[in-house]
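> Got a structure here, written out as structure tokens. Questions coming.
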There are 2 protein chains.
Amino acid sequence: MIAVDWGTSSLRAYRLGHDAEVLEQRSAAAGLIACHGNFEAVLAQQLAGWDDATIVMAGMIGSRNGWHEVPYVECPAGAELIAAGMREVAATGFSGRRIFIAPGVCHRPAGGTPEVMRGEEVQLLGLVDRLAGSGPHTLCLPGTHSKWATLEQGRITGFRSAMTGELYAVLTQHSLLGASMQPDAGDEPAAFARGLATARSAGGLPSHLFSVRTLDLFGELTPAQAPSYLSGLLIGHELEGLAPHAGRVHLIGSAALTQRYERALRARGIEPVVHSDALSARGLHRLARQRGLVD
Amino acid sequence: MIAVDWGTSSLRAYRLGHDAEVLEQRSAAAGLIACHGNFEAVLAQQLAGWDDATIVMAGMIGSRNGWHEVPYVECPAGAELIAAGMREVAATGFSGRRIFIAPGVCHRPAGGTPEVMRGEEVQLLGLVDRLAGSGPHTLCLPGTHSKWATLEQGRITGFRSAMTGELYAVLTQHSLLGASMQPDAGDEPAAFARGLATARSAGGLPSHLFSVRTLDLFGELTPAQAPSYLSGLLIGHELEGLAPHAGRVHLIGSAALTQRYERALRARGIEPVVHSDALSARGLHRLARQRGLVD
């Protein structure tokens, strides 16, 4: 089968063997934005030469602005519910083959604000059989919109989002704070740690952000250190709001994304366990099997 | 005398009588950015026809990017210390007249991050003789970079900043959240109150921001309500971090700026007392008197 993780800015395709092992993989900057609605043509091009009969996709491709809107399923959501929510799309250029899109997951806690994910749920499913015990397990997927989820007995029982990555981008590119930053600066661990510490002090995020400017003004932060300090402030506030007080957190993502979260969790006395990026292929294989599309 | 409040984006000039009463006033979008370094020429143009001998100025005009950098004085700072820190600037076109720029104030709490203000300190000084008792009094000046200050016995003993106004601007103009907003929408009190309530719930600001998007997705927030909800979230987090737990807060600013803070303070059981915008002229008069420039 073929598994496709198709998001706003990129497309990742995997050719999988019987045990969900990745035989071949491709990725392209062919996200929703770049497709201009020509989803079938883009998919045909990206999968050229792969002739497997079953194609299962997840991500924003199933959103209102995607190929075909697939309604969210609600928490608690495991492989069974998510597989049942998959929708088949018609594609004349793929005759004799079947294409499915997985639903996203929503969480509507009583008295709280609603939460949604599209794509992260298959990464979570891809991890389920690697977690020891029935849980609850806490999982974090850092990113533009980070997700913190709880898994119990193989099901996503609840989750929260944080706009940490997007906040970092808009503040560095469009606020006063960007003016005193070296944009291509590398990791500055001490500045990052100082940002984490500030995030745990009194005052709140709108106030802490101003310290990026004043520390620069008083020569306590160089333009090369300022991006790491801001990153520490924002990740620190994300953890302050969403991390558990103790125990273990499973991090899902690329090394570039997870390494700062590892340090931030350790600074709070929480044990990080890092898992690789390719879990979405495993999760999509699991959905296909659940739906009876593969053996 | 003439009092001038000269900031990044605007210039406000006041001709004052012996009791600091405003005889005439002018304002122009002639802030630092618009001046391109021609400060003397812009000032001459803005004050045309006013021939008073003493001109006292405050604001970003005394910053590194202004006419003449005037070093900060440190908290605790009252009229005496701030007046002593004023610097006279030479201006050939103003022969026979004297021009002074007031210093900003900095606060460097042990173990905390530094704080700075330029311009707000004269507004605080302008309010001192209107406050009953020696304090401590809590004052809030909402804005792009809000200031929360404590006044005791006529001196600024400490303060904090919050980038609330700038956060609102960059998020509405440059983030995903702006896409679901009606930009010219008016005040929506129920949505604002809901934002305040969300700010008091668990999760933290990076997480709460995502709810602007999900509430729209589930039809719980219209494009006209979204800006007020975001405003409630951000002001709510500012207050959560910086407001006292009880008592009274003096708000300084225009009605447009202070009215939402009034509601936000009342929602927390704090009594707001609103003061008008023209306090900087009174504060500058006080500095001139302290320095012996006027009777």
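Lettering and numbering for the structure tokens are positional, with chains as A, B, ... in the shown order, residues counted from 1 in each chain, and ligands counted from 1 in the shown order.
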List the spatial neighbours of region 122-138 of chain B as a list in words - criterion: any atom at most 6 Å away, only C-alpha atoms, same-chain residues fewer than 3 positions off excluded.
Gly119, Ala149, Thr150, Leu151, Glu152, Gln153, Gly154, Val249, Leu279, Ser280, Arg282 and Gly283 of chain B
> Would you mind listing what lies within 12 Å of Arg268 (chain A) as a short mmCIF file (atom, residue, chain, number, x, y, z; two decimals) with C-alpha atoms, in the first residue's frame, with only C-alpha atoms counted and same-chain residues fewer than 4 positions away left out?

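Output below, filename result_18.cif:
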data_model
loop_
_atom_site.label_atom_id
_atom_site.label_comp_id
_atom_site.auth_asym_id
_atom_site.auth_seq_id
_atom_site.Cartn_x
_atom_site.Cartn_y
_atom_site.Cartn_z
CA ALA A 193 17.82 28.11 29.40
CA LEU A 196 12.93 28.86 30.15
CA ALA A 197 13.70 30.32 33.58
CA ALA A 199 8.92 31.72 31.61
CA ARG A 200 8.65 30.14 35.08
CA ILE A 235 8.50 26.74 24.76
CA GLY A 236 8.69 27.45 28.50
CA LEU A 239 5.21 23.60 28.95
CA GLU A 240 4.04 25.75 31.86
CA ALA A 243 3.15 19.71 30.49
CA PRO A 244 2.48 17.29 33.33
CA HIS A 245 4.13 18.04 36.68
CA ALA A 246 6.16 14.84 36.66
CA GLY A 247 6.73 11.57 34.85
CA ARG A 248 7.49 10.97 31.19
CA VAL A 249 6.59 12.70 27.93
CA TYR A 261 11.81 20.29 24.00
CA GLU A 262 14.00 17.56 25.47
CA ARG A 263 16.08 20.15 27.31
CA ALA A 264 12.99 22.09 28.39
CA PRO A 272 11.58 12.91 27.51
#
> Where in region 50-282 of chain B does DSSP assign strand (DSSP E or B), given as a PyMOL selection string?
chain B and resi 54-58+73-74+77+87-89+98-101+105-107+115-117+137-141+146-152+155-162+248-252+271-275
> Would you kindly return, as JSON, numbers by chain, each protein, DNA or RNA residue with an atom no farther than 8 Å from any atom of Ala191 (chain B), considering only C-alpha atoms and excluding same-chain residues fewer than 6 positions away?
{"B": [221, 225, 226, 228, 229, 232]}
> Keeping only C-alpha atoms, take the residues you just selected and write them out as a tab-separated table (two decimals), in the first residue's frame.

chain	number	residue	atom	x	y	z
B	221	LEU	CA	-17.20	32.81	17.14
B	225	GLN	CA	-16.49	38.61	17.37
B	226	ALA	CA	-13.02	37.14	16.89
B	228	SER	CA	-12.80	41.15	20.68
B	229	TYR	CA	-12.22	37.57	21.84
B	232	GLY	CA	-9.93	39.60	25.87
> Select, from A:Ala29, A:Ala44, A:Val212, A:Leu23, the residue with the minimum atom-to-atom distance to chain B, counting only C-alpha atoms.
A:Val212
> Could you give me, as a list in words, each residue of region 61-101 of chain A that DSSP assigns to alpha helix (DSSP H) when run on this structure's backbone?
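The alpha helix (DSSP H) residues within region 61-101 of chain A come out as Ala79, Glu80, Leu81, Ile82, Ala83 and Ala84 of chain A.
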> So which one's closest to Pro227 (chain A), A:Trp67, A:Phe159, A:Phe192, A:Tyr14? Using only C-alpha atoms, please.
A:Phe192
> Can you pull out the residues contacting Val116 (chain B)? Cut-off 9 Å, using only C-alpha atoms, and skip same-chain residues under 6 positions away; I want them as a list in words.
Thr214 of chain A; Tyr72, Gly104, Val105, Cys106, His107, Arg108, Phe159, Arg160 and Ser161 of chain B
> Using only C-alpha atoms, which residues sit within 8 Å of Arg98 (chain A) once same-chain residues fewer than 5 positions away are excluded, as a list in words?
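Selected residues are Ala53, Thr54, Ile55, Glu88 and Val89 of chain A.
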